[in-house]
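Written below as structure tokens is the structure these notes are about.
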Amino acid sequence: MKIRIKFRKWGVMKFIGHLDMMRYFQKAIRRANIDIRYSEGYSPHQIMSFAAPLGVGITSDGEYFDIEVNETLSSKEALERLNRTMVDGVEAVSYVKLPDNAKTAMSLVAAADYRLSYKEGFKSPYTKSQWQEIIRKYFLEPDSFNIIKKTKKSEREIDLKPLVYALEVEGDDENPSFFLQVSTGSTDNIKPELALSSVYEKCGLSYDENAIQIHRLEVYAREDNKLVALDAMGEEI
């Protein structure tokens, strides 16, 4: 039986990396007495896979991992048991059963929502209305928004416009923030800070990554040309 679990991550837990979060949940599953399946062979391990690794320092309301179980509790009881094992900064919020033929969350990830806001002690160089005009002028109205995307092995020119599905300014004039929906996954993976820093560059500004708090809101799969939240692909038990 396939199960998809959604969790939140905030506070000091944002500094815990992906591999340590995997080990954390392996222990949490055991402490909660979830009847998880193990692989076969000489070195059996829990059958568990995460959707999209979260970078260190990023908070989130929409993290997912899949497990396989032999038998399962109700969604309500499973969440209660899991959350009794959680530390401050992590909370399981959804536990749904998937169809037997469901693909893993990792293979389905197509997009993600983010909110980028200024941390305490840092001030935006522009007001909300000024940012709206800048984004309209440099990003929304032109037919393309070409940048150089650098990786550890290479760099290439790409057009960000087809890969950034939404770029909006939220908040108010004193405390503007940015909502972005970007392509995410193994093929076209766009980090939200890449989009925002590219707009900064168009303005002749230096982007300070230490000034911005990135918060992931949701992760989506694509079904019939529509984006669907990963936990909406299952049902509560």
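Order determines the names: the first chain of the structure tokens is A, the second B, and so forth; residues in each chain are numbered 1 upward, and ligands are numbered 1 upward as they are shown.
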
Once you count only C-alpha atoms, what closest atom pair and distance in Å to one decimal does each residue of range 71-151 of chain A within 12 Å of range 160-167 of chain A have, with rows by chain and rising residue number, as a tab-separated table?
residue	atom	partner	partner_atom	distance
A:Ala110	CA	A:Leu163	CA	10.5
A:Ala111	CA	A:Tyr165	CA	8.7
A:Ala112	CA	A:Tyr165	CA	9.6
A:Asp113	CA	A:Ala166	CA	8.8
A:Tyr114	CA	A:Leu167	CA	9.8
A:Arg115	CA	A:Leu167	CA	9.9
A:Leu116	CA	A:Leu167	CA	10.7
A:Trp131	CA	A:Leu167	CA	10.9
A:Gln132	CA	A:Leu167	CA	9.6
A:Ile134	CA	A:Leu167	CA	11.5
A:Ile135	CA	A:Leu167	CA	7.9
A:Arg136	CA	A:Leu167	CA	9.6
A:Tyr138	CA	A:Lys161	CA	10.8
A:Phe139	CA	A:Lys161	CA	7.5
A:Leu140	CA	A:Lys161	CA	8.2
A:Glu141	CA	A:Lys161	CA	10.3
A:Pro142	CA	A:Lys161	CA	9.1
A:Asp143	CA	A:Lys161	CA	7.9
A:Ser144	CA	A:Lys161	CA	5.8
A:Phe145	CA	A:Leu160	CA	5.5
A:Asn146	CA	A:Leu160	CA	6.1
A:Ile147	CA	A:Leu160	CA	7.1
A:Ile148	CA	A:Leu160	CA	9.8
A:Lys149	CA	A:Leu160	CA	9.6

Practice item. Based on DSSP run over this structure's backbone, return all residues of range 33-222 of chain A in helix (DSSP H, G or I), as a count of residues only. Key: 45

Exercise for review: May I have the residues within 12 Å of Ile16 in chain A as an MDAnalysis selection string, using only C-alpha atoms and disregarding those fewer than 2 positions away in the same chain?
Suggested key: chainID A and resid 9:14 18:24 53:59 89:90

Review point. Between A:Val109, A:Glu120, A:Glu157, A:Ile5, which has the minimum distance to Asn189 in chain A (counting only C-alpha atoms)?
Key: A:Val109

**Study point:** strand (DSSP E or B) residues, from DSSP on the backbone, in range 137-181 of chain A, as a ChimeraX atom specification
**Key:** /A:146-150,155-159,164-171,176-181

Could you produce a table of the residues of range 69-156 of chain A lying within 8 Å of range 34-43 of chain A, with the nearest pair of atoms per residue and their separation in Å rounded to one decimal, using only C-alpha atoms, ordered by chain and increasing residue number, as JSON lines?
{"residue": "A:Val69", "atom": "CA", "partner": "A:Ile36", "partner_atom": "CA", "distance": 4.1}
{"residue": "A:Asn70", "atom": "CA", "partner": "A:Asp35", "partner_atom": "CA", "distance": 5.8}
{"residue": "A:Glu71", "atom": "CA", "partner": "A:Asp35", "partner_atom": "CA", "distance": 6.0}
{"residue": "A:Thr72", "atom": "CA", "partner": "A:Asp35", "partner_atom": "CA", "distance": 6.6}
{"residue": "A:Leu73", "atom": "CA", "partner": "A:Ile34", "partner_atom": "CA", "distance": 7.8}
{"residue": "A:Ala78", "atom": "CA", "partner": "A:Ile34", "partner_atom": "CA", "distance": 7.4}

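Close contacts of Glu235 in chain A, defined as residues with an atom at most 7 Å away when counting only C-alpha atoms, with chain neighbours fewer than 3 positions off set aside, comprise Val96, Lys97 and Leu98 of chain A.
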
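If you measure from each of A:Met48, A:Ile212, A:Ala105, A:Met1 to Gly185 in chain A using only C-alpha atoms, the closest one turns out to be A:Ala105.
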
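Minimum distance to Val228 in chain A across A:Lys137, A:Glu170, A:Leu79, A:Leu108 (counting only C-alpha atoms) occurs at A:Leu108.
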
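Distance check against Asn101 in chain A using only C-alpha atoms: of A:Val199, A:Leu217, A:Ile3, A:Ala232, the minimum falls on A:Ile3.
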